[in-house]
Structure formats: C-alpha cells, structure tokens
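**Student:** Supplied structure: coords.pdb, PDB, C-alpha atoms.
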ATOM      1  CA  MET G 807    -279.876 -39.716 -23.709  1.00  0.00           C
ATOM      2  CA  PRO G 808    -276.690 -37.628 -23.631  1.00  0.00           C
ATOM      3  CA  LEU G 809    -276.546 -34.720 -26.071  1.00  0.00           C
ATOM      4  CA  ALA G 810    -273.249 -34.393 -27.932  1.00  0.00           C
ATOM      5  CA  LEU G 811    -272.739 -31.207 -29.915  1.00  0.00           C
ATOM      6  CA  GLY G 812    -269.804 -30.649 -32.239  1.00  0.00           C
ATOM      7  CA  SER G 813    -268.393 -28.489 -34.980  1.00  0.00           C
ATOM      8  CA  ASP G 814    -267.583 -31.077 -37.616  1.00  0.00           C
ATOM      9  CA  VAL G 815    -269.837 -29.557 -40.285  1.00  0.00           C
ATOM     10  CA  MET G 816    -269.723 -26.159 -41.955  1.00  0.00           C
ATOM     11  CA  PRO G 817    -269.149 -23.642 -40.549  1.00  0.00           C
ATOM     12  CA  LEU G 818    -266.436 -25.071 -38.334  1.00  0.00           C
ATOM     13  CA  ASP G 819    -267.127 -22.782 -35.407  1.00  0.00           C
ATOM     14  CA  PRO G 820    -268.366 -24.001 -32.018  1.00  0.00           C
ATOM     15  CA  LEU G 821    -269.256 -20.426 -31.028  1.00  0.00           C
ATOM     16  CA  PHE G 822    -271.623 -20.257 -33.993  1.00  0.00           C
ATOM     17  CA  GLY G 823    -273.049 -23.612 -32.904  1.00  0.00           C
ATOM     18  CA  LEU G 824    -273.612 -22.303 -29.368  1.00  0.00           C
ATOM     19  CA  HIS G 825    -275.321 -19.224 -30.768  1.00  0.00           C
ATOM     20  CA  CYS G 826    -277.610 -21.324 -32.973  1.00  0.00           C
ATOM     21  CA  ALA G 827    -278.469 -23.815 -30.229  1.00  0.00           C
ATOM     22  CA  VAL G 828    -279.483 -21.032 -27.828  1.00  0.00           C
ATOM     23  CA  ASN G 829    -281.098 -18.618 -30.303  1.00  0.00           C
ATOM     24  CA  ARG G 830    -283.085 -20.955 -32.587  1.00  0.00           C
ATOM     25  CA  ALA G 831    -285.973 -19.320 -34.455  1.00  0.00           C
ATOM     26  CA  ASP G 832    -288.416 -21.826 -32.924  1.00  0.00           C
ATOM     27  CA  PRO G 833    -288.360 -21.372 -29.131  1.00  0.00           C
ATOM     28  CA  ALA G 834    -289.398 -25.023 -28.668  1.00  0.00           C
ATOM     29  CA  GLN G 835    -286.078 -26.087 -30.249  1.00  0.00           C
ATOM     30  CA  ARG G 836    -283.832 -23.825 -28.156  1.00  0.00           C
ATOM     31  CA  LEU G 837    -281.368 -25.129 -25.599  1.00  0.00           C
ATOM     32  CA  THR G 838    -280.487 -23.188 -22.483  1.00  0.00           C
ATOM     33  CA  PRO G 839    -276.934 -21.838 -22.496  1.00  0.00           C
ATOM     34  CA  ALA G 840    -275.983 -24.400 -19.836  1.00  0.00           C
ATOM     35  CA  GLN G 841    -277.424 -27.262 -21.921  1.00  0.00           C
ATOM     36  CA  ALA G 842    -275.550 -26.084 -25.022  1.00  0.00           C
ATOM     37  CA  LEU G 843    -272.228 -25.750 -23.168  1.00  0.00           C
ATOM     38  CA  HIS G 844    -272.713 -29.176 -21.605  1.00  0.00           C
ATOM     39  CA  GLY G 845    -273.352 -30.630 -25.066  1.00  0.00           C
ATOM     40  CA  TYR G 846    -270.136 -29.132 -26.429  1.00  0.00           C
ATOM     41  CA  THR G 847    -268.007 -30.075 -23.417  1.00  0.00           C
ATOM     42  CA  TRP G 848    -269.039 -33.223 -21.553  1.00  0.00           C
ATOM     43  CA  GLY G 849    -271.342 -34.390 -24.369  1.00  0.00           C
ATOM     44  CA  GLY G 850    -268.546 -34.224 -26.929  1.00  0.00           C
ATOM     45  CA  ALA G 851    -266.193 -36.059 -24.590  1.00  0.00           C
ATOM     46  CA  PHE G 852    -268.875 -38.710 -23.961  1.00  0.00           C
ATOM     47  CA  ALA G 853    -269.341 -39.261 -27.700  1.00  0.00           C
ATOM     48  CA  ALA G 854    -265.579 -39.838 -28.022  1.00  0.00           C
ATOM     49  CA  PHE G 855    -265.556 -42.238 -25.014  1.00  0.00           C
ATOM     50  CA  GLU G 856    -263.323 -39.738 -23.154  1.00  0.00           C
ATOM     51  CA  GLU G 857    -265.751 -38.429 -20.518  1.00  0.00           C
ATOM     52  CA  THR G 858    -263.498 -39.683 -17.696  1.00  0.00           C
ATOM     53  CA  VAL G 859    -260.634 -37.363 -18.739  1.00  0.00           C
ATOM     54  CA  LYS G 860    -262.270 -34.582 -20.792  1.00  0.00           C
ATOM     55  CA  GLY G 861    -265.346 -32.403 -20.767  1.00  0.00           C
ATOM     56  CA  ARG G 862    -265.147 -31.000 -17.243  1.00  0.00           C
ATOM     57  CA  LEU G 863    -263.027 -28.601 -15.241  1.00  0.00           C
ATOM     58  CA  ALA G 864    -262.143 -30.942 -12.404  1.00  0.00           C
ATOM     59  CA  PRO G 865    -259.067 -32.489 -10.764  1.00  0.00           C
ATOM     60  CA  GLY G 866    -257.689 -35.344 -12.834  1.00  0.00           C
ATOM     61  CA  TYR G 867    -259.200 -34.071 -16.101  1.00  0.00           C
ATOM     62  CA  LEU G 868    -257.149 -32.671 -18.982  1.00  0.00           C
ATOM     63  CA  ALA G 869    -257.088 -28.885 -18.895  1.00  0.00           C
ATOM     64  CA  ASP G 870    -258.627 -28.216 -22.319  1.00  0.00           C
ATOM     65  CA  ILE G 871    -260.007 -24.701 -21.875  1.00  0.00           C
ATOM     66  CA  ALA G 872    -261.203 -21.820 -24.020  1.00  0.00           C
ATOM     67  CA  VAL G 873    -261.567 -18.323 -22.542  1.00  0.00           C
ATOM     68  CA  LEU G 874    -264.185 -16.259 -24.378  1.00  0.00           C
ATOM     69  CA  SER G 875    -264.721 -12.524 -24.715  1.00  0.00           C
ATOM     70  CA  HIS G 876    -268.369 -12.902 -23.620  1.00  0.00           C
ATOM     71  CA  ASN G 877    -269.985 -15.030 -20.942  1.00  0.00           C
ATOM     72  CA  PRO G 878    -271.950 -17.675 -22.875  1.00  0.00           C
ATOM     73  CA  LEU G 879    -274.199 -18.320 -19.873  1.00  0.00           C
ATOM     74  CA  THR G 880    -275.474 -14.759 -19.566  1.00  0.00           C
ATOM     75  CA  ASP G 881    -274.647 -12.775 -22.722  1.00  0.00           C
ATOM     76  CA  LEU G 882    -276.953 -14.580 -25.181  1.00  0.00           C
ATOM     77  CA  ALA G 883    -277.309 -11.749 -27.678  1.00  0.00           C
ATOM     78  CA  ALA G 884    -273.532 -11.428 -28.036  1.00  0.00           C
ATOM     79  CA  LEU G 885    -272.776 -15.116 -28.622  1.00  0.00           C
ATOM     80  CA  ALA G 886    -272.497 -14.532 -32.371  1.00  0.00           C
ATOM     81  CA  GLU G 887    -269.802 -11.890 -31.752  1.00  0.00           C
ATOM     82  CA  ALA G 888    -267.896 -13.763 -29.043  1.00  0.00           C
ATOM     83  CA  ARG G 889    -264.194 -14.301 -29.661  1.00  0.00           C
ATOM     84  CA  VAL G 890    -261.753 -16.818 -28.256  1.00  0.00           C
ATOM     85  CA  LEU G 891    -259.162 -14.965 -26.176  1.00  0.00           C
ATOM     86  CA  LEU G 892    -257.130 -17.926 -24.942  1.00  0.00           C
ATOM     87  CA  THR G 893    -257.017 -21.669 -25.585  1.00  0.00           C
ATOM     88  CA  MET G 894    -255.314 -24.311 -23.459  1.00  0.00           C
ATOM     89  CA  VAL G 895    -254.799 -27.933 -24.480  1.00  0.00           C
ATOM     90  CA  ASN G 896    -253.766 -30.335 -21.731  1.00  0.00           C
ATOM     91  CA  GLY G 897    -252.841 -27.391 -19.522  1.00  0.00           C
ATOM     92  CA  GLN G 898    -250.603 -25.658 -22.077  1.00  0.00           C
ATOM     93  CA  VAL G 899    -251.517 -22.320 -23.666  1.00  0.00           C
ATOM     94  CA  VAL G 900    -251.678 -22.882 -27.427  1.00  0.00           C
ATOM     95  CA  TYR G 901    -253.405 -19.627 -28.431  1.00  0.00           C
ATOM     96  CA  GLU G 902    -253.619 -16.203 -26.854  1.00  0.00           C
ATOM     97  CA  THR G 903    -254.785 -12.908 -28.319  1.00  0.00           C
ATOM     98  CA  GLY G 904    -253.015 -10.679 -25.817  1.00  0.00           C
ATOM     99  CA  GLU G 905    -256.217  -8.729 -25.094  1.00  0.00           C
TER     100      GLU G 905
END
Let me see the structure of the file written as structure tokens.
**Tutor:**
Amino acid sequence: MPLALGSDVMPLDPLFGLHCAVNRADPAQRLTPAQALHGYTWGGAFAAFEETVKGRLAPGYLADIAVLSHNPLTDLAALAEARVLLTMVNGQVVYETGE
C-alpha cells in the first residue's frame, strides 16, 4: 500500500513531519529517510492522482523542487533545524533565501 505523507495538520511544516517520521520515539515506528521522502514526494502525488506528473525528478515531470540546508538522507539529527533555501514550482523559482 502506498504511503502518502502530508502537512495538512498542525504544524504545517513538512520538514517537521520528516523529522518526526525518521526520529520517532519508538524505533519500530520509524521510517528510513528515503521512505519518509518518498511518502512526501511520490506518495503525496499518488494520493492526489498526480503521480504521472509530480513526485519525481524525471523528464516530463513538473519541476516542483525544494532545496534544503541539510541533506535529509544523511543528516538525521539536523532535520529539525533544516531550512528551505530555494523552492521551485513548475520549474520557476518562487522562493530563494540568497544564502
């Protein structure tokens, strides 16, 4: 069964959701960083019936991208402090910190 993660409940912060999914108090409930990212990207697109155009970095997909200050696949302890440095929607930069 596909796992779809989202940020439609408080707090509205997918980075907090990633942190919680990977660093749960009960190790049996933890996701790997790759599983959590997949749930927020492809899983979210699947839940919206948009998995053929969203949720992956691949030719023919919309370029909806967030660049983070920390690598969510390797820097688990810093996920709670990660910041969004740049956001693209459909290939257009819509937010940039300038860092």
**Student:** With the PyMOL selection byres ((chain G and resi 818-829) around 6) as the selection, what would be picked from this file? Answer as JSON, numbers by chain, please.
**Tutor:** {"G": [813, 815, 816, 817, 830, 836, 837, 838, 839, 885, 886]}
**Student:** Pick from G:Leu868, G:Ala854, G:Leu863, G:Leu809: nearest to Gln841 in chain G, with only C-alpha atoms counted?
**Tutor:**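 Of all the options, G:Leu809 lies closest to Gln841 in chain G.
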**Student:** Select, from G:Pro808, G:Thr903, G:Lys860, G:Ala840, the residue with the minimum atom-to-atom distance to Val873 in chain G, counting all atoms listed in the file.
**Tutor:**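 The answer is G:Thr903, which sits nearest to Val873 in chain G.
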**Student:** Just give me the gap between CA of Leu892 in chain G and CA of Gly849 in chain G in Å, one decimal is fine.
**Tutor:** 21.8 Å
**Student:** Starting from the PyMOL selection byres ((chain G and resi 898) around 12), expand the selection into actual residues of this file and give them as a list in words.
**Tutor:** Leu868, Ala869, Asp870, Ile871, Ala872, Leu892, Thr893, Met894, Val895, Asn896, Gly897, Val899, Val900, Tyr901 and Glu902 of chain G
**Student:** Mind giving me the straight-line distance from CA of Ala883 in chain G to CA of Ala864 in chain G in Å, one decimal?
**Tutor:** 28.8 Å
**Student:** Would you compute the distance between CA of Tyr867 in chain G and CA of Gly850 in chain G? Give it in Å to one decimal.
**Tutor:**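 Spanning CA of Tyr867 in chain G to CA of Gly850 in chain G is a straight-line distance of 14.3 Å.
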**Student:** Since I can't run it myself right now, could you work out what the PyMOL selection byres ((chain G and resi 875) around 8) selects here and report it as a ChimeraX atom specification?
**Tutor:** /G:873-874,876-877,888-891
**Student:** Using only C-alpha atoms, can you tell me which of G:Val859, G:Met807, G:Ala831, G:Ala842 comes closest to Leu879 in chain G?
**Tutor:**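 That would be G:Ala842, the residue with the smallest distance to Leu879 in chain G.
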**Student:** What's around range 844-847 of chain G at 7 Å? Count only C-alpha atoms, leave out sequence neighbours fewer than 5 positions away in its own chain, and write the answer as an NGL selection string.
**Tutor:** :G and (809-812 or 861-862)
**Student:** Given the selection you just returned, output its residues as a file containing C-alpha atoms, formatted as an mmCIF file, in the frame of the given file.
**Tutor:**
data_model
loop_
_atom_site.group_PDB
_atom_site.id
_atom_site.type_symbol
_atom_site.label_atom_id
_atom_site.label_comp_id
_atom_site.auth_asym_id
_atom_site.auth_seq_id
_atom_site.Cartn_x
_atom_site.Cartn_y
_atom_site.Cartn_z
ATOM 1 C CA LEU G 809 -276.546 -34.720 -26.071
ATOM 2 C CA ALA G 810 -273.249 -34.393 -27.932
ATOM 3 C CA LEU G 811 -272.739 -31.207 -29.915
ATOM 4 C CA GLY G 812 -269.804 -30.649 -32.239
ATOM 5 C CA GLY G 861 -265.346 -32.403 -20.767
ATOM 6 C CA ARG G 862 -265.147 -31.000 -17.243
#
**Student:** Some atoms are missing, so please complete range 830-842 of chain G with N, CA and C atoms and return it as a PDB file, in the coordinates of the input.
**Tutor:**
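After the write, rebuild04.pdb holds the following:
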ATOM      1  N   ARG G 830    -282.312 -20.393 -31.479  1.00  0.00           N
ATOM      2  CA  ARG G 830    -283.085 -20.955 -32.587  1.00  0.00           C
ATOM      3  C   ARG G 830    -284.326 -20.112 -32.847  1.00  0.00           C
ATOM      4  N   ALA G 831    -284.772 -20.082 -34.100  1.00  0.00           N
ATOM      5  CA  ALA G 831    -285.973 -19.320 -34.455  1.00  0.00           C
ATOM      6  C   ALA G 831    -287.204 -19.875 -33.744  1.00  0.00           C
ATOM      7  N   ASP G 832    -287.293 -21.180 -33.604  1.00  0.00           N
ATOM      8  CA  ASP G 832    -288.416 -21.826 -32.924  1.00  0.00           C
ATOM      9  C   ASP G 832    -288.060 -22.007 -31.449  1.00  0.00           C
ATOM     10  N   PRO G 833    -288.705 -21.273 -30.552  1.00  0.00           N
ATOM     11  CA  PRO G 833    -288.360 -21.372 -29.131  1.00  0.00           C
ATOM     12  C   PRO G 833    -288.435 -22.794 -28.576  1.00  0.00           C
ATOM     13  N   ALA G 834    -289.272 -23.645 -29.141  1.00  0.00           N
ATOM     14  CA  ALA G 834    -289.398 -25.023 -28.668  1.00  0.00           C
ATOM     15  C   ALA G 834    -288.136 -25.840 -28.955  1.00  0.00           C
ATOM     16  N   GLN G 835    -287.296 -25.370 -29.881  1.00  0.00           N
ATOM     17  CA  GLN G 835    -286.078 -26.087 -30.249  1.00  0.00           C
ATOM     18  C   GLN G 835    -284.830 -25.521 -29.571  1.00  0.00           C
ATOM     19  N   ARG G 836    -284.980 -24.473 -28.786  1.00  0.00           N
ATOM     20  CA  ARG G 836    -283.832 -23.825 -28.156  1.00  0.00           C
ATOM     21  C   ARG G 836    -283.321 -24.625 -26.955  1.00  0.00           C
ATOM     22  N   LEU G 837    -282.001 -24.604 -26.804  1.00  0.00           N
ATOM     23  CA  LEU G 837    -281.368 -25.129 -25.599  1.00  0.00           C
ATOM     24  C   LEU G 837    -281.066 -23.958 -24.672  1.00  0.00           C
ATOM     25  N   THR G 838    -280.974 -24.224 -23.390  1.00  0.00           N
ATOM     26  CA  THR G 838    -280.487 -23.188 -22.483  1.00  0.00           C
ATOM     27  C   THR G 838    -278.982 -23.061 -22.718  1.00  0.00           C
ATOM     28  N   PRO G 839    -278.388 -21.950 -22.347  1.00  0.00           N
ATOM     29  CA  PRO G 839    -276.934 -21.838 -22.496  1.00  0.00           C
ATOM     30  C   PRO G 839    -276.188 -22.958 -21.766  1.00  0.00           C
ATOM     31  N   ALA G 840    -276.644 -23.329 -20.584  1.00  0.00           N
ATOM     32  CA  ALA G 840    -275.983 -24.400 -19.836  1.00  0.00           C
ATOM     33  C   ALA G 840    -276.096 -25.737 -20.573  1.00  0.00           C
ATOM     34  N   GLN G 841    -277.258 -26.019 -21.156  1.00  0.00           N
ATOM     35  CA  GLN G 841    -277.424 -27.262 -21.921  1.00  0.00           C
ATOM     36  C   GLN G 841    -276.500 -27.282 -23.141  1.00  0.00           C
ATOM     37  N   ALA G 842    -276.396 -26.155 -23.832  1.00  0.00           N
ATOM     38  CA  ALA G 842    -275.550 -26.084 -25.022  1.00  0.00           C
ATOM     39  C   ALA G 842    -274.073 -26.262 -24.657  1.00  0.00           C
TER      40      ALA G 842
END
